[in-house]
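Participant: This one is final.txt, compact mmCIF, C-alpha atoms.
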# COMPACT_ATOMS: atom_id res chain seq x y z
CA MET O 1131 0.00 0.00 0.00
CA ALA O 1132 2.72 2.43 0.98
CA THR O 1133 4.85 1.46 -2.00
CA THR O 1134 1.89 1.99 -4.32
CA MET O 1135 1.38 5.45 -2.89
CA ALA O 1136 5.10 6.19 -3.13
CA THR O 1137 5.20 5.00 -6.75
CA ALA O 1138 2.18 7.10 -7.66
CA ILE O 1139 3.58 10.23 -6.02
CA LEU O 1140 6.98 9.68 -7.59
CA PHE O 1141 5.56 9.11 -11.03
CA MET O 1142 3.20 12.13 -10.98
CA GLY O 1143 5.95 14.29 -9.51
CA GLY O 1144 8.39 13.23 -12.20
CA LEU O 1145 5.86 13.68 -15.01
CA THR O 1146 4.85 17.16 -13.90
CA LEU O 1147 8.47 18.25 -13.47
CA LEU O 1148 9.26 17.06 -16.97
CA ILE O 1149 6.24 18.86 -18.39
CA ALA O 1150 7.08 22.03 -16.45
CA ALA O 1151 10.59 22.02 -17.86
CA ALA O 1152 9.27 21.55 -21.40
CA LEU O 1153 6.75 24.40 -20.97
CA ALA O 1154 9.39 26.72 -19.51
CA PHE O 1155 11.61 26.04 -22.49
CA ALA O 1156 8.74 26.67 -24.90
CA ALA O 1157 7.83 29.90 -23.08
CA SER O 1158 11.37 31.22 -23.36
CA ARG O 1159 11.47 30.51 -27.08
CA LEU O 1160 7.96 31.73 -27.89
CA ASP O 1161 8.31 35.05 -26.10
CA ASP O 1162 6.21 37.72 -27.72
CA ASN O 1163 9.07 39.97 -28.74
CA ALA O 1164 7.04 42.66 -30.46
CA ASP O 1165 4.70 43.02 -27.50
CA VAL O 1166 7.52 43.45 -24.98
CA ALA O 1167 9.09 46.22 -27.05
CA VAL O 1168 5.77 48.03 -27.49
CA GLU O 1169 5.13 47.79 -23.75
CA ARG O 1170 8.53 49.29 -22.93
CA ILE O 1171 8.04 52.20 -25.33
CA HIS O 1172 4.50 52.73 -24.12
CA ARG O 1173 5.69 53.13 -20.55
CA VAL O 1174 7.77 56.23 -21.27
CA LEU O 1175 4.95 58.08 -23.05
CA PRO O 1176 2.93 60.57 -20.94
CA HIS O 1177 -0.41 58.71 -21.42
CA THR O 1178 -2.49 61.83 -22.00
CA GLN O 1179 -4.26 60.02 -24.89
CA CYS O 1180 -4.66 63.46 -26.49
CA GLY O 1181 -4.12 62.28 -30.08
CA GLN O 1182 -1.86 65.23 -30.94
CA CYS O 1183 0.71 62.84 -32.41
CA GLY O 1184 -1.88 61.86 -35.02
CA PHE O 1185 -2.53 58.41 -33.55
CA ALA O 1186 -5.63 57.35 -31.64
CA GLY O 1187 -3.89 57.23 -28.28
CA CYS O 1188 -0.49 56.49 -26.78
CA ARG O 1189 -0.41 52.73 -27.44
CA PRO O 1190 -0.93 53.04 -31.25
CA TYR O 1191 1.89 55.60 -31.28
CA ALA O 1192 4.09 53.17 -29.33
CA GLN O 1193 3.27 50.42 -31.85
CA ALA O 1194 4.15 52.74 -34.75
CA LEU O 1195 7.42 53.67 -33.07
CA VAL O 1196 8.39 50.02 -32.70
CA ALA O 1197 7.37 49.33 -36.29
CA GLY O 1198 9.48 52.29 -37.41
CA THR O 1199 6.64 54.11 -39.19
CA ALA O 1200 6.58 57.20 -36.94
CA ALA O 1201 9.15 59.77 -35.87
CA LEU O 1202 9.87 59.98 -32.17
CA ASN O 1203 9.34 63.72 -31.87
CA ARG O 1204 5.56 63.78 -32.32
CA CYS O 1205 4.49 63.93 -28.66
CA PRO O 1206 4.01 67.52 -27.36
CA PRO O 1207 2.95 66.62 -23.80
CA GLY O 1208 5.98 64.38 -23.50
CA GLY O 1209 8.33 67.15 -24.40
CA GLU O 1210 12.08 66.76 -24.69
CA ALA O 1211 12.40 64.30 -21.80
CA THR O 1212 10.19 61.80 -23.63
CA ILE O 1213 12.11 62.33 -26.87
CA ARG O 1214 15.35 61.60 -25.06
CA ALA O 1215 13.90 58.46 -23.42
CA LEU O 1216 12.51 57.21 -26.74
CA SER O 1217 15.78 57.88 -28.53
CA HIS O 1218 17.59 55.91 -25.86
CA LEU O 1219 15.17 52.95 -26.03
CA LEU O 1220 14.84 52.83 -29.82
CA ASP O 1221 18.55 53.53 -30.46
CA ARG O 1222 17.66 56.31 -32.89
CA PRO O 1223 19.02 59.88 -32.89
CA ALA O 1224 17.00 62.37 -30.87
CA LEU O 1225 15.19 65.08 -32.81
CA PRO O 1226 13.85 68.47 -31.71
CA PRO O 1227 10.09 68.48 -31.01
CA ASP O 1228 8.09 68.69 -34.24
CA PRO O 1229 5.99 71.88 -34.10
CA GLN O 1230 3.58 70.42 -36.68
CA TYR O 1231 2.08 68.23 -33.93
CA GLY O 1232 1.62 70.92 -31.31
CA GLU O 1233 3.54 72.98 -28.83
CA CYS O 1234 4.76 71.75 -25.50
CA GLY O 1235 3.03 74.44 -23.47
CA PRO O 1236 2.57 74.95 -19.77
CA ALA O 1237 0.58 72.26 -18.06
CA ALA O 1238 -3.16 72.77 -17.74
CA VAL O 1239 -6.27 70.98 -16.55
CA ALA O 1240 -9.86 71.51 -17.68
CA VAL O 1241 -12.44 73.11 -15.43
CA ILE O 1242 -16.20 73.12 -16.08
CA ASP O 1243 -18.09 76.30 -15.22
CA GLU O 1244 -20.97 74.73 -13.30
CA ALA O 1245 -23.23 77.74 -13.72
CA ALA O 1246 -23.15 77.32 -17.50
CA CYS O 1247 -23.17 73.50 -17.75
CA ILE O 1248 -26.39 72.14 -19.28
CA GLY O 1249 -25.70 68.44 -18.57
CA CYS O 1250 -25.57 67.37 -22.24
CA ALA O 1251 -22.93 64.64 -21.60
CA LEU O 1252 -21.02 65.40 -24.83
CA CYS O 1253 -17.76 66.03 -22.96
CA LEU O 1254 -18.12 62.76 -21.03
CA HIS O 1255 -17.64 60.76 -24.20
CA ALA O 1256 -14.86 63.00 -25.53
CA CYS O 1257 -12.57 62.45 -22.54
CA PRO O 1258 -10.09 59.66 -23.36
CA VAL O 1259 -9.17 59.04 -19.73
CA ASP O 1260 -12.70 59.28 -18.29
CA ALA O 1261 -11.82 62.23 -16.05
CA ILE O 1262 -15.24 63.88 -16.21
CA LEU O 1263 -17.79 62.87 -13.60
CA GLY O 1264 -21.45 63.13 -14.46
CA ALA O 1265 -24.42 61.78 -16.38
CA PRO O 1266 -26.97 63.19 -18.84
CA GLN O 1267 -29.07 65.91 -17.13
CA TRP O 1268 -26.81 65.81 -14.08
CA MET O 1269 -23.95 68.22 -13.29
CA HIS O 1270 -20.62 67.46 -14.92
CA THR O 1271 -17.31 68.09 -13.19
CA VAL O 1272 -13.66 67.38 -14.06
CA ILE O 1273 -11.65 65.25 -11.65
CA GLU O 1274 -8.39 67.22 -11.58
CA ALA O 1275 -6.24 64.25 -10.59
CA ASP O 1276 -7.26 62.32 -13.73
CA CYS O 1277 -7.24 65.21 -16.23
CA THR O 1278 -4.23 65.19 -18.58
CA GLY O 1279 -4.95 68.52 -20.25
CA CYS O 1280 -5.47 66.96 -23.67
CA GLU O 1281 -8.15 69.59 -24.52
CA LEU O 1282 -10.39 67.07 -26.32
CA CYS O 1283 -13.42 68.06 -24.18
CA ILE O 1284 -13.31 71.75 -25.05
CA ALA O 1285 -14.57 71.43 -28.63
CA PRO O 1286 -17.69 69.28 -28.05
CA CYS O 1287 -19.14 71.56 -25.35
CA PRO O 1288 -22.11 73.42 -26.92
CA VAL O 1289 -22.08 76.21 -24.31
CA ASP O 1290 -18.25 76.60 -24.18
CA CYS O 1291 -18.18 76.23 -20.41
CA ILE O 1292 -14.82 74.38 -20.21
CA THR O 1293 -11.63 76.37 -19.69
CA LEU O 1294 -8.02 75.40 -19.06
CA VAL O 1295 -6.39 76.48 -15.82
CA PRO O 1296 -2.92 75.84 -14.41
CA PRO O 1297 -2.92 72.64 -12.40
CA THR O 1298 -1.42 71.97 -9.04
CA ARG O 1299 1.09 69.50 -10.62
CA GLU O 1300 3.56 69.33 -13.53
CA THR O 1301 2.69 67.36 -16.69
CA CYS O 1302 5.03 68.76 -19.32
CA ALA O 1303 8.77 68.24 -19.21
CA MET V 926 -1.94 3.38 -44.84
CA PHE V 927 -5.45 2.75 -46.09
CA ASP V 928 -6.68 1.76 -42.64
CA LEU V 929 -5.35 5.06 -41.24
CA LEU V 930 -7.31 7.02 -43.84
CA LEU V 931 -10.32 4.91 -42.94
CA ILE V 932 -9.90 5.77 -39.26
CA ILE V 933 -9.74 9.48 -40.11
CA LEU V 934 -12.78 9.32 -42.40
CA ALA V 935 -14.79 7.31 -39.88
CA THR V 936 -13.98 9.73 -37.08
CA VAL V 937 -14.85 12.78 -39.18
CA LEU V 938 -18.18 11.54 -40.53
CA VAL V 939 -19.52 8.36 -38.98
CA ASN V 940 -18.39 8.71 -35.37
CA ASN V 941 -18.16 12.48 -35.31
CA PHE V 942 -17.09 13.56 -31.83
CA VAL V 943 -19.40 16.54 -31.57
CA LEU V 944 -22.59 15.48 -33.30
CA VAL V 945 -22.62 11.72 -32.77
CA LYS V 946 -20.69 11.27 -29.52
CA PHE V 947 -21.87 14.66 -28.11
CA LEU V 948 -18.45 15.57 -26.71
CA GLY V 949 -17.03 19.10 -26.88
CA LEU V 950 -20.34 20.95 -26.92
CA CYS V 951 -19.10 23.91 -24.86
CA PRO V 952 -16.88 25.48 -27.52
CA LEU V 953 -19.43 24.50 -30.15
CA LEU V 954 -22.04 26.76 -28.59
CA GLY V 955 -19.66 29.29 -27.10
CA ALA V 956 -17.29 30.11 -29.95
CA SER V 957 -19.59 29.73 -32.94
CA THR V 958 -21.28 33.12 -33.17
CA ARG V 959 -18.86 34.29 -35.87
CA LEU V 960 -17.26 32.23 -38.62
CA GLU V 961 -13.72 33.58 -38.12
CA THR V 962 -13.78 32.91 -34.38
CA ALA V 963 -15.11 29.40 -34.97
CA ALA V 964 -12.40 28.67 -37.53
CA GLY V 965 -9.66 29.88 -35.20
CA MET V 966 -11.09 27.99 -32.24
CA SER V 967 -11.45 24.75 -34.20
CA LEU V 968 -7.86 24.99 -35.46
CA ALA V 969 -6.58 25.46 -31.91
CA THR V 970 -8.67 22.52 -30.70
CA THR V 971 -7.45 20.32 -33.57
CA PHE V 972 -3.88 21.15 -32.63
CA VAL V 973 -4.53 20.26 -28.98
CA LEU V 974 -6.42 17.08 -29.94
CA THR V 975 -3.59 15.78 -32.11
CA LEU V 976 -0.87 16.71 -29.63
CA ALA V 977 -2.75 15.36 -26.61
CA ALA V 978 -3.70 12.11 -28.37
CA ALA V 979 -0.09 11.50 -29.39
CA LEU V 980 1.47 12.39 -26.03
CA SER V 981 -1.05 10.50 -23.93
CA PHE V 982 -0.63 7.38 -26.09
CA LEU V 983 3.14 7.55 -25.65
CA VAL V 984 2.95 8.05 -21.90
CA ASP V 985 0.39 5.27 -21.62
CA HIS V 986 2.40 2.85 -23.79
CA TRP V 987 5.90 3.55 -22.43
CA LEU V 988 5.31 4.49 -18.80
CA LEU V 989 1.89 3.54 -17.48
CA ILE V 990 1.46 0.03 -18.85
CA PRO V 991 5.06 -1.26 -18.36
CA PHE V 992 5.11 -0.06 -14.76
CA GLU V 993 1.50 -1.22 -14.08
CA LEU V 994 0.30 2.29 -13.28
CA GLU V 995 -2.98 2.17 -15.23
CA TYR V 996 -4.84 3.64 -12.25
CA LEU V 997 -2.93 6.90 -12.88
CA ARG V 998 -4.26 7.13 -16.42
CA LEU V 999 -6.92 9.76 -15.81
CA VAL V 1000 -4.69 12.05 -13.75
CA SER V 1001 -1.72 11.83 -16.10
CA PHE V 1002 -3.87 12.43 -19.16
CA ILE V 1003 -5.40 15.55 -17.62
CA VAL V 1004 -1.93 16.89 -16.77
CA ILE V 1005 -0.73 16.19 -20.30
CA ILE V 1006 -3.81 17.87 -21.82
CA ALA V 1007 -3.38 20.92 -19.60
CA ALA V 1008 0.24 21.19 -20.71
CA ALA V 1009 -0.71 20.79 -24.37
CA VAL V 1010 -3.32 23.56 -24.03
CA GLN V 1011 -0.79 25.81 -22.29
CA PHE V 1012 1.63 25.25 -25.15
CA THR V 1013 -1.10 25.93 -27.70
CA GLU V 1014 -2.03 29.17 -25.97
CA MET V 1015 1.61 30.31 -26.03
CA PHE V 1016 1.83 29.44 -29.70
CA VAL V 1017 -1.43 31.22 -30.62
CA ARG V 1018 -0.36 34.34 -28.71
CA HIS V 1019 2.96 34.29 -30.57
CA ALA V 1020 1.49 33.63 -34.00
CA SER V 1021 -1.60 35.84 -33.84
CA PRO V 1022 -2.16 38.12 -30.80
CA LEU V 1023 -5.45 39.21 -32.34
CA LEU V 1024 -6.83 35.67 -32.46
CA HIS V 1025 -5.61 35.15 -28.92
CA GLN V 1026 -7.54 38.20 -27.76
CA VAL V 1027 -10.67 37.23 -29.71
CA LEU V 1028 -10.76 33.66 -28.37
CA GLY V 1029 -10.24 34.93 -24.84
CA ILE V 1030 -11.21 32.43 -22.17
CA TYR V 1031 -12.22 29.72 -24.65
CA LEU V 1032 -8.59 28.88 -25.38
CA PRO V 1033 -7.69 27.70 -21.86
CA LEU V 1034 -11.16 26.11 -21.68
CA ILE V 1035 -10.01 23.54 -24.23
CA THR V 1036 -8.47 21.81 -21.20
CA THR V 1037 -11.95 20.96 -19.96
CA ASN V 1038 -13.16 19.96 -23.42
CA CYS V 1039 -14.30 16.39 -22.92
CA ALA V 1040 -13.51 15.57 -26.54
CA VAL V 1041 -9.79 15.92 -25.80
CA LEU V 1042 -9.90 13.63 -22.76
CA GLY V 1043 -12.29 11.39 -24.68
CA VAL V 1044 -9.82 10.88 -27.52
CA ALA V 1045 -7.01 10.15 -25.06
CA LEU V 1046 -9.06 7.59 -23.15
CA LEU V 1047 -10.66 5.95 -26.21
CA ASN V 1048 -7.20 5.49 -27.68
CA THR V 1049 -6.26 3.26 -24.76
CA HIS V 1050 -9.11 0.92 -25.75
CA GLN V 1051 -8.99 0.84 -29.48
CA SER V 1052 -5.55 1.89 -30.77
CA THR V 1053 -2.66 -0.52 -30.76
CA ARG V 1054 -0.11 1.50 -32.72
CA PHE V 1055 1.09 5.09 -32.34
CA VAL V 1056 0.02 6.02 -35.89
CA GLU V 1057 -3.49 4.75 -35.16
CA ALA V 1058 -3.69 6.95 -32.08
CA LEU V 1059 -2.38 9.90 -34.06
CA ALA V 1060 -4.89 9.26 -36.87
CA TYR V 1061 -7.70 9.12 -34.31
CA GLY V 1062 -6.62 12.47 -32.88
CA ILE V 1063 -6.37 14.06 -36.32
CA GLY V 1064 -9.75 12.62 -37.31
CA ALA V 1065 -11.37 13.96 -34.14
CA GLY V 1066 -9.86 17.39 -34.82
CA LEU V 1067 -10.96 17.48 -38.44
CA GLY V 1068 -14.46 16.35 -37.48
CA PHE V 1069 -14.59 19.07 -34.84
CA CYS V 1070 -13.39 21.63 -37.42
CA LEU V 1071 -16.02 20.57 -39.93
CA VAL V 1072 -18.87 20.79 -37.44
CA MET V 1073 -17.72 24.10 -35.92
CA ILE V 1074 -17.43 25.80 -39.30
CA LEU V 1075 -20.73 24.43 -40.58
CA PHE V 1076 -22.50 25.34 -37.35
CA ALA V 1077 -21.01 28.84 -37.25
CA GLY V 1078 -22.14 29.45 -40.83
CA LEU V 1079 -25.65 28.25 -40.00
CA ARG V 1080 -25.76 30.21 -36.78
CA GLU V 1081 -24.80 33.49 -38.43
CA ARG V 1082 -27.79 33.08 -40.75
CA VAL V 1083 -30.16 31.92 -38.03
CA ASP V 1084 -29.25 34.88 -35.80
CA ALA V 1085 -30.23 37.27 -38.58
CA ALA V 1086 -33.47 35.44 -39.37
CA ASP V 1087 -36.94 36.06 -37.96
CA VAL V 1088 -36.85 33.66 -35.00
CA PRO V 1089 -39.79 33.62 -32.54
CA ALA V 1090 -38.93 35.43 -29.32
CA PRO V 1091 -38.83 32.41 -26.97
CA PHE V 1092 -36.41 30.62 -29.29
CA ARG V 1093 -33.87 33.38 -29.85
CA GLY V 1094 -30.26 32.78 -28.88
CA ALA V 1095 -29.22 29.50 -27.31
CA ALA V 1096 -32.55 27.73 -27.88
CA ILE V 1097 -32.56 27.95 -31.65
CA ALA V 1098 -28.82 27.19 -31.66
CA LEU V 1099 -29.43 23.94 -29.82
CA VAL V 1100 -32.32 23.04 -32.14
CA THR V 1101 -30.02 23.66 -35.12
CA ALA V 1102 -27.30 21.50 -33.55
CA GLY V 1103 -29.84 18.75 -32.97
CA LEU V 1104 -30.95 18.82 -36.60
CA MET V 1105 -27.31 18.71 -37.74
CA SER V 1106 -26.77 15.74 -35.44
CA MET V 1107 -29.68 13.89 -37.04
CA ALA V 1108 -28.15 14.57 -40.45
CA PHE V 1109 -24.78 13.20 -39.35
CA ILE V 1110 -26.30 10.08 -37.84
CA GLY V 1111 -27.39 9.38 -41.39
CA PHE V 1112 -23.74 8.55 -42.08
CA THR V 1113 -24.01 5.38 -39.97
CA GLY V 1114 -23.41 2.39 -42.15
CA LEU V 1115 -21.29 4.40 -44.59
CA PHE V 1116 -18.83 1.57 -44.39
CA ARG V 1117 -18.15 -1.18 -41.92
CA ALA V 1118 -15.29 0.36 -39.93
Turn the structure described in the file into structure tokens.
Facilitator:
Amino acid sequence: MATTMATAILFMGGLTLLIAAALAFAASRLDDNADVAVERIHRVLPHTQCGQCGFAGCRPYAQALVAGTAALNRCPPGGEATIRALSHLLDRPALPPDPQYGECGPAAVAVIDEAACIGCALCLHACPVDAILGAPQWMHTVIEADCTGCELCIAPCPVDCITLVPPTRETCA
Amino acid sequence: MFDLLLIILATVLVNNFVLVKFLGLCPLLGASTRLETAAGMSLATTFVLTLAAALSFLVDHWLLIPFELEYLRLVSFIVIIAAAVQFTEMFVRHASPLLHQVLGIYLPLITTNCAVLGVALLNTHQSTRFVEALAYGIGAGLGFCLVMILFAGLRERVDAADVPAPFRGAAIALVTAGLMSMAFIGFTGLFRA
């Protein structure tokens, strides 16, 4: 009885160890190389999701950078620090910020004038980082901690009640 | 050679795993709402079926039977199937990250697909050579592919059709699967296998 148990445990232990070794080997060979690179590049971008680089967010820009189809100086909120980091990671020469994609201006956050807000919910959908609190026919307000100053909410507002004000933190390098 | 082709043909049509043996119904109903998803899912399952059938036959033939450990068959087969699915998931993620994202949870769920364990266990009864076991696995996979793709095509049309309200969704899908099963049972007696 004890020997049967010992044999069973030994056999299952040995089998699983063998399988684990085979899987570990396969995992090291089948590593998703493209994904790892995109993730590394994505981490140094400022994540404002403003779309000023011409891509629909920071991750598509990171993918284009890895694929080599975009220049690394297209991110205004990232500024020169991001350009330097990207140049270091991609092993490409650093370039001055491209003014065609926007200026790296002083940091700002959006503020909704509550007296003018009509609760239309158009700015809720425009915000790429979901920093506006509210619902249709209820008051809207911007959560300053989440706002990246991408300015995408300013255009949809039909009563122009959103303005940019200096934040209490730095976003632009 | 001819008997291997016969095994494959019999498993695809006469003893179809999904419609005649009623194994592997979860991915059939879960991953068949779109044709592309169904095709990807059935390819992944075929890969797992072939790999698991081959590996479990080898372990059974070289380790379990010589050392009189047949009572460990079920446990070892499940471990082997889980490893094969893990490997398949790694491979799918490497080859097509989009397919991997689309399949989602259904890829690891192939581990619990009773067709995979069914092939492994049935091989212990009826296959005496490695190539027979492999042919059985390939046949099961191809049969699964055929049914998934046919069913997904049918389902896309049925979902767009004017179905009575109580029948919409899973109900009409199951009725369709039942009708397909009756059609496949018509293959019985195709040849004496």
Participant: Can you check which residues of chain O have any atom within 10 Å of chain V? Use all atoms listed in the file and format it as number ranges by chain.
Facilitator: O: 1134, 1137-1138, 1141-1142, 1145-1146, 1149-1150, 1152-1154, 1156-1157, 1159-1165
Participant: Those residues with C-alpha atoms, as a CSV table (one decimal), in the coordinates of the input please?
Facilitator:
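The resulting file, again-v9.csv, is shown below:
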chain,number,residue,atom,x,y,z
O,1134,THR,CA,1.9,2.0,-4.3
O,1137,THR,CA,5.2,5.0,-6.8
O,1138,ALA,CA,2.2,7.1,-7.7
O,1141,PHE,CA,5.6,9.1,-11.0
O,1142,MET,CA,3.2,12.1,-11.0
O,1145,LEU,CA,5.9,13.7,-15.0
O,1146,THR,CA,4.8,17.2,-13.9
O,1149,ILE,CA,6.2,18.9,-18.4
O,1150,ALA,CA,7.1,22.0,-16.4
O,1152,ALA,CA,9.3,21.6,-21.4
O,1153,LEU,CA,6.8,24.4,-21.0
O,1154,ALA,CA,9.4,26.7,-19.5
O,1156,ALA,CA,8.7,26.7,-24.9
O,1157,ALA,CA,7.8,29.9,-23.1
O,1159,ARG,CA,11.5,30.5,-27.1
O,1160,LEU,CA,8.0,31.7,-27.9
O,1161,ASP,CA,8.3,35.0,-26.1
O,1162,ASP,CA,6.2,37.7,-27.7
O,1163,ASN,CA,9.1,40.0,-28.7
O,1164,ALA,CA,7.0,42.7,-30.5
O,1165,ASP,CA,4.7,43.0,-27.5
Participant: Can you measure atom CA of O:Cys1188 to atom CA of V:Val1027 for me? One decimal in Å is fine.
Facilitator: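 For atom CA of O:Cys1188 relative to atom CA of V:Val1027, the distance reads 22.0 Å.
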Participant: Using atom CA of V:Met1073 and atom CA of V:Arg1093 as the two end points, give the distance in Å to one decimal.
Facilitator: 19.6 Å
Participant: I want to know what sits within 10 Å of V:Leu938, based on all atoms listed in the file, with residues of the same chain fewer than 6 positions away left out; could you give that as a PyMOL selection string?
Facilitator: chain V and resi 944-945+1064-1065+1067-1068+1071-1072+1109-1113+1115
Participant: Residues near V:Met926, anyone? I mean within 12 Å using all atoms listed in the file, not counting same-chain ones fewer than 4 positions away, as a PyMOL selection string.
Facilitator: chain V and resi 930-933+1056-1057+1060
Participant: Can you tell me, as a count of residues only, which residues sit within 12 Å of (-14.8, 59.9, -20.2) in the file's frame, using all atoms listed in the file?
Facilitator: 25
Participant: Could you jot down the atom CA of O:Gln1267 to atom CA of O:Ile1248 separation for me, Å, one decimal place?
Facilitator: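 Straight-line distance from atom CA of O:Gln1267 to atom CA of O:Ile1248 works out to 7.1 Å.
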Participant: Which of these, V:Phe1069, V:Phe1055, V:Phe972, V:Phe982, has the shortest distance to V:Thr936 once you count only C-alpha atoms?
Facilitator: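 Ranked by minimum distance to V:Thr936, first place goes to V:Phe1069.
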Participant: For V:Lys946, list every protein, DNA or RNA residue within 10 Å, evaluated using only C-alpha atoms, and leave out those in the same chain fewer than 6 positions away; present the list as a list in words.
Facilitator: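 The contact residues come out as Val939, Asn940, Ala1040, Gly1043 and Ser1106 of chain V.
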Participant: Take the residues from that selection and put them in a file with C-alpha atoms, as a compact mmCIF listing (two decimals), in the coordinates of the input.
Facilitator:
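The result, written out as again.txt:
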# COMPACT_ATOMS: atom_id res chain seq x y z
CA VAL V 939 -19.52 8.36 -38.98
CA ASN V 940 -18.39 8.71 -35.37
CA ALA V 1040 -13.51 15.57 -26.54
CA GLY V 1043 -12.29 11.39 -24.68
CA SER V 1106 -26.77 15.74 -35.44
Participant: Could you tell me, as JSON, numbers by chain, which residues have any atom at most 12 Å from (3.2, 57.9, -40.6), counting all atoms listed in the file?
Facilitator: {"O": [1183, 1184, 1185, 1190, 1191, 1193, 1194, 1195, 1197, 1198, 1199, 1200, 1201, 1202, 1204]}
Participant: In terms of the shortest atom-to-atom distance over only C-alpha atoms, which of V:Leu1023, V:Leu950, V:Val1041, V:Leu1046 is closest to V:Gly1066?
Facilitator: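 Checking each candidate against V:Gly1066, we get V:Val1041 as the closest.
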Participant: Of the candidates V:Ser957, V:Asn941, V:Thr971, V:Asn1048, which shows the shortest atom-to-atom distance to V:Cys1070, using all atoms listed in the file?
Facilitator: V:Thr971
Participant: Taking into account all atoms listed in the file, which residue in the set O:Gly1249, O:Pro1227, O:Pro1288, O:Gly1187 is nearest to O:Thr1212?
Facilitator: O:Pro1227
Participant: Could you write out as lines of an AutoDock Vina configuration file the box around stretch 1103-1114 of chain V (axis-aligned, all atoms listed in the file, 5 Å on each side), with centre and edge lengths in Å to one decimal?
Facilitator:
center_x = -27.2
center_y = 10.6
center_z = -37.6
size_x = 17.5
size_y = 26.4
size_z = 19.2
Participant: Which residues come within 12 Å of O:Gly1208, counting all atoms listed in the file, excluding same-chain residues fewer than 3 positions away, as number ranges by chain?
Facilitator: O: 1172-1180, 1182-1183, 1188, 1202-1205, 1211-1216, 1227-1228, 1231-1237, 1278, 1280, 1300-1303
Participant: Counting all atoms listed in the file, which residue out of O:Gly1209, O:Cys1291, O:Pro1297, O:Arg1222 sits closest to O:Glu1244?
Facilitator: O:Cys1291
Participant: Of the residues O:Val1168, O:Ala1192, O:Ala1224, O:Ile1242, which is the one nearest to O:Glu1274, using only C-alpha atoms?
Facilitator: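 Of all the options, O:Ile1242 lies closest to O:Glu1274.
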